[in-house]
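Engineer: Got a structure for you, written out below as structure tokens; questions coming shortly.
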Amino acid sequence: MTARHGPDPRVEFRILGATEIWSGGVRIPLTAAKQRTVLAALLISPGRFVSDAWLAELLWGANPPATRTAQLYTYVSRLRRCCGPGLRVVRRHRGYHLVLGTAWFDWAAFQQLAEQGRRDLVKHRYAEAAACLDSALKLWQGPALSDVTEFLTRSELPALEEARLAAIENRMAAVLALGRHAAALPELTRLVAEHPTRESLRGHLMVALYRGDRQMDALRVYEQGRRVLQEELGVVPGAALRALHRSVLLEELPGPAATEVLTPVPAGPRPDTAPAGAAGPAAPALQRHRGPHSPWLGLVPAMLPMDPVGFVGRRFELADVLEELRGSRSGGRGVLLTGEAGAGKTALAVRAGHICRDDFWQGQLYIDLRRESGGAKSPLEVLGCFLRALIPERGADLPATLDERLQLYRSALSRRRVLVVLDNVVDAGQVRPLLASGPGCRTLITARRSLASLEGVRAVRIGRLDRAEARELLVSAVGRDRLEAEPGALHRLLTACDGNPLALRFCAARLAARPRWPVERLVVRLDQGEVRAEEWGEGSLDLLAGLRAGVLELGPFLRPVLRTLARAERGAFTPAAAARRLNWSEERTRMALAALVEAGLLASVGEPDPALSHPRGGGAGAGAWPARERYRCSPLVRLLFREPAAGLRQPS
């Protein structure tokens, strides 16, 4: 992004106001709000994968049409035709990847200028900071994202507005340091009226009033702010504003830090009046202040995946997790969700994270610790990802060793309230360096293994859904009338899925996508093994890859045990039945079954004693009744060991 001279065919994108495309100084019309929404969503995430599901939610909310994929393709195709080589949108997996290339983007330009201004301010280069920040703020031509769908505005506008207000606060700090309090007073008065709970802006207004010999007005501004914070938020002013109030009260507030003259950096003409080939906004400043840019600048990490749609059941487990995360129990550092493959550990963790987002207002970190190939990500790599989000100003300047990154990570969390979600953990050694150690932080972990060696982490076992919950999940996606029209087929379908949430969601999705199919047809396909692995969708294929890796981690004598049981035993079975199938002693069989349960590849279930009632309700494995020892393979594990014709290569 350098200054331009002479005719320039490059494309410019703008979202800080109307969503616009400019080419060679000429605005390209975008008449459809949904087309502008797709463009803005891709621009806000340059260089990152944007899934079809997320784009559909930004376009249509929670109820996208059945033709959403085709419509998305149409919108992207039109954008490609509009922008030419200045915009490269690559289709990858089930989403899109935007490459801006040489194109100019006002939001990226603003972030660079705002960050450079902040650095200048920290280094007491007040004139440079004021000029740079002034140029950054001139890029805003009105409310950002003003002509896109309400779903995109609601999702992304708060982050953009927070960055703009932070730049305003920094510019005012630089202007006041230069002694320009009289010129800043009208704007500060307006800003405080618009944002009465922004303590930094209120403090700047107090400074400007005090230096203009209006001490009583400065004290009155503080008192008004105190009442607003108390009545609207139930809090008192922060330490910085209280200290400023004391300095004004005792007439101890120092004068301006510098006497330099403010020299604005020319920001170029307005976009709607710029002639073809003219220099774009802030181009000279960008040329002078070019440097490393972090997309996390000005943002609070909010890495959680989308809240799962149609989440059912798990009310007791969810209550336990929320109680632990919110700190109502003493001494806990987090929660570990364990259970077999497809039990819904990730869905429960993400749901809990969204429910308590307000409890962890300083950030929610999330990462899947399993690679697409099924291997494990290293703590060094994960710490790098987290630190770049927590301390964006460090950029690429991160320690090279695990110990140094670990110390920096702990320091960054020591005074914050952050939730860390670690999904698909392989073993305790992988997760131990990533535990959030700050007193206000909690860690939520999902793993197939029990990870008993983790200290201060409470384990919550995720069993199968009971019959009523499984039926509710299917009804929410398929419809009650359709399912109740075939009660026999519904009973067999629930039996085949065996309370496994992933299997149930797969069956619900197949039926919803084929409204003319009878339920019996899907049941027959499942019974005859005609459902191929690739039909389960991208997420389940990743899970199957992880399962395959888990099988390969087993000892050589355990793999044939699991293969035999997965192929032969469809329902619950006892150790005695498994011993007969394996032709082993019952004692040796019990040891093998316990090892497979620990690996998360087999589920230990209980057969209730009819003389007792369950104390809490819920599915198998959720309660505390006396039970006879029984085991089950999940539908996914059985799928893993089908014949090669079923579409999945067997693990050796």
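Every chain in the structure tokens takes a letter, A first, then B, and so on in the order presented; its residues are numbered from 1, and the ligands are numbered from 1 following the presented order.
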Contacts of A:Leu504 at 10 Å or less, counting only C-alpha atoms, minus same-chain residues fewer than 5 places along, as a list in words?
Structural biologist: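 Skipping anything fewer than 5 positions along the chain leaves Gly342, Leu465, Ala470, Arg471, Leu473, Leu474, Leu493, Leu494, Ala496, Cys497, Asp498, Gly499, Ala509, Arg510 and Pro635 of chain A.
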Engineer: Give me the stretch 140-201 of chain A side of the contact with stretch 301-314 of chain A, cut-off 12 Å, one line per residue showing its nearest atom pair and distance in Å at one decimal, counting only C-alpha atoms, sorted by chain and residue number, as a Markdown table.
Structural biologist:
```
| residue | atom | partner | partner_atom | distance |
| --- | --- | --- | --- | --- |
| A:Ser155 | CA | A:Ala302 | CA | 11.3 |
| A:Glu156 | CA | A:Ala302 | CA | 11.6 |
| A:Ala159 | CA | A:Pro301 | CA | 10.5 |
```
Engineer: May I have the residues within 8 Å of stretch 483-492 of chain A as a list in words, using only C-alpha atoms and disregarding those fewer than 3 positions away in the same chain?
Structural biologist: Val475, Val478, Gly479, Arg480, Thr495, Ala496, Val519, Glu520 and Val523 of chain A
Engineer: Could you save the residues just selected, with all heavy atoms, as an mmCIF file, in the first residue's frame?
Structural biologist:
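Here's the written file part-v3.cif:
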```cif
data_model
loop_
_atom_site.group_PDB
_atom_site.id
_atom_site.type_symbol
_atom_site.label_atom_id
_atom_site.label_comp_id
_atom_site.auth_asym_id
_atom_site.auth_seq_id
_atom_site.Cartn_x
_atom_site.Cartn_y
_atom_site.Cartn_z
ATOM 1 N N VAL A 475 -36.976 -34.982 15.901
ATOM 2 C CA VAL A 475 -38.192 -34.199 15.654
ATOM 3 C C VAL A 475 -37.862 -32.754 15.323
ATOM 4 O O VAL A 475 -38.477 -32.140 14.441
ATOM 5 C CB VAL A 475 -39.125 -34.278 16.889
ATOM 6 C CG1 VAL A 475 -40.233 -33.229 16.799
ATOM 7 C CG2 VAL A 475 -39.736 -35.670 16.999
ATOM 8 N N VAL A 478 -36.628 -32.950 11.552
ATOM 9 C CA VAL A 478 -37.406 -33.641 10.523
ATOM 10 C C VAL A 478 -38.888 -33.305 10.604
ATOM 11 O O VAL A 478 -39.576 -33.245 9.586
ATOM 12 C CB VAL A 478 -37.188 -35.173 10.636
ATOM 13 C CG1 VAL A 478 -37.972 -35.917 9.571
ATOM 14 C CG2 VAL A 478 -35.706 -35.498 10.527
ATOM 15 N N GLY A 479 -39.401 -33.091 11.798
ATOM 16 C CA GLY A 479 -40.826 -32.826 11.965
ATOM 17 C C GLY A 479 -41.533 -33.994 12.635
ATOM 18 O O GLY A 479 -41.282 -35.163 12.307
ATOM 19 N N ARG A 480 -42.433 -33.688 13.551
ATOM 20 C CA ARG A 480 -43.088 -34.727 14.335
ATOM 21 C C ARG A 480 -44.023 -35.591 13.483
ATOM 22 O O ARG A 480 -44.048 -36.816 13.597
ATOM 23 C CB ARG A 480 -43.871 -34.074 15.476
ATOM 24 C CG ARG A 480 -44.446 -35.065 16.481
ATOM 25 C CD ARG A 480 -45.129 -34.328 17.629
ATOM 26 N NE ARG A 480 -44.214 -33.385 18.262
ATOM 27 C CZ ARG A 480 -43.324 -33.733 19.187
ATOM 28 N NH1 ARG A 480 -43.223 -34.995 19.564
ATOM 29 N NH2 ARG A 480 -42.535 -32.813 19.731
ATOM 30 N N THR A 495 -32.880 -47.094 17.568
ATOM 31 C CA THR A 495 -32.056 -48.211 18.017
ATOM 32 C C THR A 495 -30.733 -48.244 17.276
ATOM 33 O O THR A 495 -29.673 -48.474 17.870
ATOM 34 C CB THR A 495 -32.811 -49.533 17.818
ATOM 35 O OG1 THR A 495 -34.046 -49.493 18.547
ATOM 36 C CG2 THR A 495 -31.977 -50.714 18.295
ATOM 37 N N ALA A 496 -30.761 -47.981 15.963
ATOM 38 C CA ALA A 496 -29.530 -48.014 15.169
ATOM 39 C C ALA A 496 -28.567 -46.910 15.598
ATOM 40 O O ALA A 496 -27.351 -47.123 15.668
ATOM 41 C CB ALA A 496 -29.864 -47.873 13.684
ATOM 42 N N VAL A 519 -38.989 -42.868 6.198
ATOM 43 C CA VAL A 519 -37.969 -43.144 7.206
ATOM 44 C C VAL A 519 -37.438 -44.560 7.046
ATOM 45 O O VAL A 519 -36.250 -44.832 7.253
ATOM 46 C CB VAL A 519 -38.550 -42.928 8.621
ATOM 47 C CG1 VAL A 519 -37.512 -43.242 9.691
ATOM 48 C CG2 VAL A 519 -39.060 -41.506 8.774
ATOM 49 N N GLU A 520 -38.310 -45.467 6.638
ATOM 50 C CA GLU A 520 -37.917 -46.871 6.474
ATOM 51 C C GLU A 520 -36.761 -47.018 5.482
ATOM 52 O O GLU A 520 -35.886 -47.872 5.655
ATOM 53 C CB GLU A 520 -39.129 -47.677 5.992
ATOM 54 C CG GLU A 520 -38.853 -49.146 5.724
ATOM 55 C CD GLU A 520 -38.607 -49.931 7.004
ATOM 56 O OE1 GLU A 520 -39.018 -49.462 8.087
ATOM 57 O OE2 GLU A 520 -37.993 -51.011 6.918
ATOM 58 N N VAL A 523 -33.520 -46.361 7.213
ATOM 59 C CA VAL A 523 -33.227 -47.440 8.158
ATOM 60 C C VAL A 523 -32.676 -48.647 7.423
ATOM 61 O O VAL A 523 -31.708 -49.286 7.867
ATOM 62 C CB VAL A 523 -34.494 -47.804 8.955
ATOM 63 C CG1 VAL A 523 -34.246 -49.034 9.821
ATOM 64 C CG2 VAL A 523 -34.933 -46.638 9.824
#
```
Engineer: I want to know what sits within 8 Å of stretch 54-70 of chain A, based on only C-alpha atoms, with residues of the same chain fewer than 5 positions away left out; could you give that as a PyMOL selection string?
Structural biologist: chain A and resi 34+37-38+41+149+151-152
Engineer: Export, as a PDB file, in the first residue's frame, the selected residues with N, CA, C and O atoms.
Structural biologist:
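Listed below is the output, again21.pdb:
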```pdb
ATOM      1  N   LYS A  34     -27.421  -8.312  -0.356  1.00  0.00           N
ATOM      2  CA  LYS A  34     -26.769  -9.582  -0.046  1.00  0.00           C
ATOM      3  C   LYS A  34     -25.427  -9.706  -0.753  1.00  0.00           C
ATOM      4  O   LYS A  34     -24.482 -10.300  -0.223  1.00  0.00           O
ATOM      5  N   THR A  37     -23.162  -7.792   1.310  1.00  0.00           N
ATOM      6  CA  THR A  37     -22.890  -8.521   2.549  1.00  0.00           C
ATOM      7  C   THR A  37     -21.803  -9.566   2.338  1.00  0.00           C
ATOM      8  O   THR A  37     -20.887  -9.705   3.159  1.00  0.00           O
ATOM      9  N   VAL A  38     -21.881 -10.318   1.252  1.00  0.00           N
ATOM     10  CA  VAL A  38     -20.845 -11.330   0.958  1.00  0.00           C
ATOM     11  C   VAL A  38     -19.491 -10.656   0.795  1.00  0.00           C
ATOM     12  O   VAL A  38     -18.472 -11.112   1.333  1.00  0.00           O
ATOM     13  N   ALA A  41     -18.228  -9.451   4.235  1.00  0.00           N
ATOM     14  CA  ALA A  41     -17.833 -10.578   5.094  1.00  0.00           C
ATOM     15  C   ALA A  41     -16.481 -11.134   4.672  1.00  0.00           C
ATOM     16  O   ALA A  41     -15.640 -11.475   5.518  1.00  0.00           O
ATOM     17  N   THR A 149     -26.706  -6.674   5.455  1.00  0.00           N
ATOM     18  CA  THR A 149     -27.784  -7.266   6.247  1.00  0.00           C
ATOM     19  C   THR A 149     -27.578  -6.990   7.728  1.00  0.00           C
ATOM     20  O   THR A 149     -26.459  -6.801   8.201  1.00  0.00           O
ATOM     21  N   PHE A 151     -27.741  -9.031  10.045  1.00  0.00           N
ATOM     22  CA  PHE A 151     -27.000 -10.112  10.699  1.00  0.00           C
ATOM     23  C   PHE A 151     -25.498  -9.822  10.669  1.00  0.00           C
ATOM     24  O   PHE A 151     -24.799 -10.031  11.661  1.00  0.00           O
ATOM     25  N   LEU A 152     -24.995  -9.331   9.548  1.00  0.00           N
ATOM     26  CA  LEU A 152     -23.579  -8.974   9.467  1.00  0.00           C
ATOM     27  C   LEU A 152     -23.289  -7.760  10.342  1.00  0.00           C
ATOM     28  O   LEU A 152     -22.270  -7.714  11.044  1.00  0.00           O
TER      29      LEU A 152
END
```
Engineer: Contacts of A:Leu241 at 10 Å or less, counting only C-alpha atoms, minus same-chain residues fewer than 6 places along, as a ChimeraX atom specification?
Structural biologist: /A:199-200,202-204,206,222,225-226,247
Engineer: Could you write out, as a ChimeraX atom specification, all the residues of stretch 51-212 of chain A that DSSP marks as alpha helix (DSSP H)?
Structural biologist: /A:52-60,68-83,106-122,126-137,150-177,181-194,199-211
Engineer: So how far away is atom CA of A:Glu12 from atom CA of A:Ala103, in Å?
Structural biologist: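 Between atom CA of A:Ala103 and atom CA of A:Glu12 the gap works out to 5.6 Å.
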Engineer: Just list the residues in stretch 326-509 of chain A DSSP gives strand (DSSP E) on the backbone, as a PyMOL selection string.
Structural biologist: chain A and resi 334-338+364-368+419-425+442-447+457-461
Engineer: May I ask for the distance between atom CA of A:His124 and atom CA of A:Met172, given in Å to one decimal place?
Structural biologist: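 According to the coordinates, atom CA of A:His124 and atom CA of A:Met172 are separated by 13.5 Å.
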